[in-house]
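Everything below concerns the one structure shown next.
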Amino acid sequence: MKIELLYGRRELFPATQAVPAGVQSLEPMRISGKGVTCLRCGSRFVAARVALPNHHYYCPACINLGRVSTLARFYHVPEPNQFPPCPGVLRWQGELSPLQGEAAAVVKEKMAAHAHHLLWAVTGAGKTEMTYPAIAAALERGERVVIASPRIDVCRELYPRFKRDFALPIALLHGGSEPYAYRQLTICTTHQLLRFYHAFDLLVVDEVDAFPYAMNPALLYATKQAVKEDGGLLLMTATPDQRLLSQVRRGRLSISYLPLRYHGHLLPEIRSLVVGDWRKRVARGQLPPALCRWLRARVESGREFLFFVPHVADLAGVARATRRVVGTTPFTTVHASDEARAVKVERMRRYGYQFLITTTILERGVTFPGIDLLVLGADDPVFSPAALVQIAGRVGRSAARPDGEVAFFLAAPARNVKAACAQIKAVNRRGRRLQ
Ligand SMILES: [Zn+2]
């Protein structure tokens, strides 16, 4: 195998094989008393639960990256940063707004100092472009850089943008991607970080608290494994959770804010309304009267909107009841594993539908300019406060129409809705000071 494929990586090999010259052979698991710890993903087990024959053990937690067991060794070569110089690597010709420019300058300075930093930027602030100066400077210093996201669709969306905006080869890694290649700049899922070991001088995590991980110990472990011991860490989010904010309070993370969208406007605030047991009404083919009024107003104005419901099982009933309210207005339902999803989204974009009833936030890159939005059953536990903030952030994305209405209809008052409203209000308070 090519030795460069081991730079900053940990690859599994049978423990019986002779170790090639210049390669380190590292322990894959630690056994202590009755416990076994996987040194790739950090999971701990009672030894008896993960036993193989002859007093060997394996890790079931990260098995889809290849089975870590005491029958194997990790081959590793410390990261040598063997990259050709790349002056002028940033091809991007766009311009940052004054506020974006300020935030970008802070990020660049923090990353030059290899700090651990949180960038809290609202949905639609233009986060990606704000990282460009910091990333370009790191690459020009000869550093190895990775951009990771818990969401595969974010990785797939970032890859072509970075390929267009940076003049160097980039690796894209996720479950179904091309084989690994040694590159100065990598874009990958946070899961893939577990294959790296002290590889990166700069690690950027986009949508740090996004589904499916949230800021959890596994992600922290993966991050710590992948970044060099003195490396810089940039976490980016539109909706920081309490764990992240408490790290800020304890001084483990520095923080900067971008509370305004790229067009300089505030986030749309949520109007929430308690409508009682709407599922009971839907079962009778009806919608709550307040919701009927909201829908009729949209039909009259012709304004497009997204209509969220909590579960796929809600779609058919809600669609039937909605049809009785909106008459012949064109709409359809769509959910995450809907085979016709891409076609339906495309038709919505071309104004073939006035609205979609959906359970899913749709791809991040998909924006409908000038829409309104409603969530029926926003109090359902399936919606985290972060998810509700993300959903609300679909509105007002275009400079031509930065306003838009976000209405939540709930069966009963709920903590998740309260938290989402409070977070948007807090961000907007900061934003107003900058307007
Ligand atoms: Zn493991």
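As shown in the structure tokens, the chain order sets the letters A, B, ...; within each chain, residues go from 1, and ligands are also counted from 1 in the order they appear.
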
Shell of 10 Å around ligand 1 (only C-alpha atoms and all ligand atoms), written as a VMD selection string: chain A and resid 28 to 29 37 to 45 58 to 69 194 218

Backbone DSSP call of alpha helix (DSSP H) for range 241-374 of chain A, listed as number ranges by chain: A: 242-249, 278-283, 289-301, 312-326, 341-349

Selected residue, from A:Arg261, A:Lys2, A:Arg430, A:Arg320, that lies nearest to Thr123 in chain A when counting only C-alpha atoms: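 Smallest separation from Thr123 in chain A among the options: A:Arg261.
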
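Among A:Arg144, A:Lys418, A:His335, A:Arg303, the residue with the shortest atom-to-atom distance to Ser384 in chain A, counting only C-alpha atoms, is A:Lys418.
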
Surrounding residues of Lys34 in chain A excluding itself and chain neighbours under 3 positions, 9 Å, only C-alpha atoms, as a VMD selection string: chain A and resid 31 45 to 48

Backbone DSSP call of strand (DSSP E) for range 142-358 of chain A, listed as a ChimeraX atom specification: /A:145-149,170-173,185-189,200-205,227-237,254-258,270-274,305-308,331-334,355-358

Restricting the output to N, CA and C atoms, write the selected residues as a compact mmCIF listing (two decimals), in the first residue's frame.
# COMPACT_ATOMS: atom_id res chain seq x y z
N VAL A 145 -6.40 20.66 6.36
CA VAL A 145 -7.69 21.20 6.78
C VAL A 145 -8.80 20.22 6.46
N VAL A 146 -9.78 20.12 7.36
CA VAL A 146 -10.97 19.31 7.10
C VAL A 146 -12.22 20.10 7.44
N ILE A 147 -13.25 19.94 6.63
CA ILE A 147 -14.57 20.48 6.95
C ILE A 147 -15.49 19.30 7.13
N ALA A 148 -16.04 19.14 8.32
CA ALA A 148 -16.87 17.98 8.63
C ALA A 148 -18.27 18.44 9.00
N SER A 149 -19.26 17.61 8.68
CA SER A 149 -20.64 17.88 9.10
C SER A 149 -21.30 16.58 9.48
N ILE A 170 -9.52 18.28 -3.76
CA ILE A 170 -10.24 18.13 -2.49
C ILE A 170 -10.75 16.70 -2.39
N ALA A 171 -10.67 16.11 -1.19
CA ALA A 171 -11.23 14.78 -0.97
C ALA A 171 -12.62 14.91 -0.35
N LEU A 172 -13.58 14.14 -0.86
CA LEU A 172 -14.92 14.07 -0.26
C LEU A 172 -15.11 12.66 0.30
N LEU A 173 -15.38 12.56 1.60
CA LEU A 173 -15.50 11.25 2.24
C LEU A 173 -16.83 11.11 2.97
N LEU A 185 -6.98 19.35 1.62
CA LEU A 185 -8.32 19.78 2.05
C LEU A 185 -9.30 18.62 1.88
N THR A 186 -10.01 18.29 2.96
CA THR A 186 -10.96 17.18 2.96
C THR A 186 -12.32 17.69 3.42
N ILE A 187 -13.38 17.17 2.80
CA ILE A 187 -14.75 17.42 3.27
C ILE A 187 -15.34 16.06 3.62
N CYS A 188 -15.84 15.88 4.84
CA CYS A 188 -16.32 14.54 5.22
C CYS A 188 -17.41 14.62 6.27
N THR A 189 -18.10 13.49 6.46
CA THR A 189 -19.06 13.39 7.55
C THR A 189 -18.27 13.26 8.86
N PHE A 200 -5.19 16.78 11.38
CA PHE A 200 -5.56 18.11 10.88
C PHE A 200 -5.06 19.25 11.76
N ASP A 201 -4.54 20.28 11.09
CA ASP A 201 -4.15 21.50 11.80
C ASP A 201 -5.38 22.36 12.05
N LEU A 202 -6.38 22.21 11.19
CA LEU A 202 -7.61 23.00 11.32
C LEU A 202 -8.81 22.10 11.02
N LEU A 203 -9.71 22.00 11.99
CA LEU A 203 -10.90 21.19 11.83
C LEU A 203 -12.13 22.08 11.97
N VAL A 204 -12.95 22.11 10.92
CA VAL A 204 -14.15 22.93 10.92
C VAL A 204 -15.36 21.99 10.97
N VAL A 205 -16.25 22.18 11.93
CA VAL A 205 -17.49 21.38 11.95
C VAL A 205 -18.66 22.30 11.63
N VAL A 227 -8.10 15.88 15.09
CA VAL A 227 -7.33 17.13 15.04
C VAL A 227 -5.98 16.90 15.74
N LYS A 228 -4.96 17.62 15.29
CA LYS A 228 -3.66 17.52 15.96
C LYS A 228 -3.77 18.07 17.37
N GLU A 229 -2.83 17.67 18.23
CA GLU A 229 -2.96 18.07 19.63
C GLU A 229 -2.92 19.58 19.80
N ASP A 230 -2.21 20.28 18.90
CA ASP A 230 -2.20 21.75 19.00
C ASP A 230 -3.01 22.38 17.86
N GLY A 231 -3.95 21.62 17.29
CA GLY A 231 -4.70 22.11 16.13
C GLY A 231 -5.83 23.05 16.50
N GLY A 232 -6.33 23.77 15.51
CA GLY A 232 -7.44 24.70 15.71
C GLY A 232 -8.78 24.03 15.41
N LEU A 233 -9.82 24.50 16.11
CA LEU A 233 -11.14 23.91 15.96
C LEU A 233 -12.16 25.03 15.77
N LEU A 234 -12.93 24.95 14.70
CA LEU A 234 -13.99 25.94 14.46
C LEU A 234 -15.31 25.22 14.37
N LEU A 235 -16.20 25.49 15.33
CA LEU A 235 -17.54 24.90 15.32
C LEU A 235 -18.51 25.96 14.83
N MET A 236 -19.39 25.56 13.91
CA MET A 236 -20.35 26.53 13.38
C MET A 236 -21.76 26.02 13.56
N THR A 237 -22.65 26.89 13.96
CA THR A 237 -24.04 26.49 14.14
C THR A 237 -24.97 27.69 14.07
N SER A 254 -13.98 30.00 22.58
CA SER A 254 -14.30 31.42 22.39
C SER A 254 -15.50 31.48 21.45
N ILE A 255 -16.13 32.63 21.37
CA ILE A 255 -17.37 32.70 20.59
C ILE A 255 -17.44 34.00 19.81
N SER A 256 -18.00 33.96 18.61
CA SER A 256 -18.39 35.20 17.93
C SER A 256 -19.76 34.98 17.28
N TYR A 257 -20.45 36.09 17.03
CA TYR A 257 -21.84 36.01 16.59
C TYR A 257 -22.02 36.66 15.23
N LEU A 258 -22.94 36.13 14.47
CA LEU A 258 -23.46 36.86 13.33
C LEU A 258 -24.97 36.75 13.38
N ILE A 270 -41.53 33.81 15.40
CA ILE A 270 -42.56 32.78 15.30
C ILE A 270 -43.85 33.27 15.96
N ARG A 271 -44.99 33.07 15.25
CA ARG A 271 -46.27 33.34 15.88
C ARG A 271 -46.86 31.98 16.22
N SER A 272 -47.11 31.70 17.51
CA SER A 272 -47.64 30.38 17.83
C SER A 272 -49.04 30.47 18.41
N LEU A 273 -49.85 29.45 18.10
CA LEU A 273 -51.25 29.47 18.43
C LEU A 273 -51.66 28.08 18.90
N VAL A 274 -52.31 28.02 20.08
CA VAL A 274 -52.76 26.72 20.58
C VAL A 274 -54.14 26.42 19.98
N PHE A 305 -45.96 28.60 0.22
CA PHE A 305 -45.58 28.27 1.61
C PHE A 305 -45.24 26.80 1.77
N LEU A 306 -44.59 26.51 2.89
CA LEU A 306 -44.31 25.13 3.30
C LEU A 306 -45.18 24.83 4.51
N PHE A 307 -45.70 23.61 4.56
CA PHE A 307 -46.65 23.20 5.59
C PHE A 307 -46.05 21.95 6.25
N PHE A 308 -45.52 22.12 7.46
CA PHE A 308 -44.88 21.00 8.14
C PHE A 308 -45.84 20.27 9.08
N PHE A 331 -51.16 21.48 -4.77
CA PHE A 331 -50.19 21.17 -3.71
C PHE A 331 -49.95 19.67 -3.70
N THR A 332 -48.91 19.24 -2.97
CA THR A 332 -48.69 17.81 -2.80
C THR A 332 -48.01 17.55 -1.45
N THR A 333 -47.87 16.27 -1.11
CA THR A 333 -47.16 15.91 0.12
C THR A 333 -45.80 15.32 -0.26
N VAL A 334 -44.82 15.49 0.65
CA VAL A 334 -43.49 14.92 0.40
C VAL A 334 -42.84 14.59 1.75
N PHE A 355 -47.96 25.03 -2.52
CA PHE A 355 -47.33 24.62 -1.25
C PHE A 355 -47.07 23.12 -1.22
N LEU A 356 -46.17 22.75 -0.29
CA LEU A 356 -45.87 21.35 -0.02
C LEU A 356 -46.24 21.05 1.42
N ILE A 357 -46.89 19.90 1.65
CA ILE A 357 -47.07 19.43 3.02
C ILE A 357 -45.98 18.41 3.26
N THR A 358 -45.17 18.61 4.29
CA THR A 358 -43.95 17.83 4.41
C THR A 358 -43.59 17.53 5.87

Shell of 10 Å around Cys86 in chain A, only C-alpha atoms, local chain residues under 4 positions omitted, as a list in words: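 In the requested form, the answer reads Leu90, Ala136, Leu139, Glu140, Arg141, Gly142, Ala167 and Leu168 of chain A.
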
Residue with smallest distance to Met1 in chain A - pool A:Tyr75, A:Ile152, A:Thr70, A:Val107, counting only C-alpha atoms: A:Tyr75

Counting only C-alpha atoms, the residue of A:Tyr57, A:Trp120, A:Phe13, A:Phe74 that sits nearest Ser25 in chain A: A:Phe74

For CA of Leu220 in chain A and CA of Tyr159 in chain A, the interatomic separation in Å (one decimal): 23.2 Å

Nearest-residue call for Asn416 in chain A, choices A:Glu207, A:Asp379, A:Asp165, A:Glu4, using only C-alpha atoms: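 The closest residue to Asn416 in chain A is A:Asp379.
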
Selected residue of minimal separation from Pro268 in chain A among A:Ala412, A:Leu99, A:Ile371, A:Leu26, counting only C-alpha atoms: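 Among the listed residues, A:Ile371 lies closest to Pro268 in chain A.
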
8 Å contact set for Pro169 in chain A, only C-alpha atoms, chain neighbours under 5 positions out, as JSON, numbers by chain: {"A": [163, 183, 184, 185]}

One-decimal distance in Å that lies between CA of Pro385 in chain A and CA of Asp372 in chain A: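 So the two atoms, CA of Asp372 in chain A and CA of Pro385 in chain A, lie 19.2 Å apart.
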
Contacts of range 76-152 of chain A with range 398-409 of chain A up to 12 Å, shortest pair per row, only C-alpha atoms, as JSON lines:
{"residue": "A:Thr123", "atom": "CA", "partner": "A:Ser398", "partner_atom": "CA", "distance": 11.9}
{"residue": "A:Gly124", "atom": "CA", "partner": "A:Ser398", "partner_atom": "CA", "distance": 8.9}
{"residue": "A:Ala125", "atom": "CA", "partner": "A:Ser398", "partner_atom": "CA", "distance": 11.1}
{"residue": "A:Gly126", "atom": "CA", "partner": "A:Ser398", "partner_atom": "CA", "distance": 11.9}
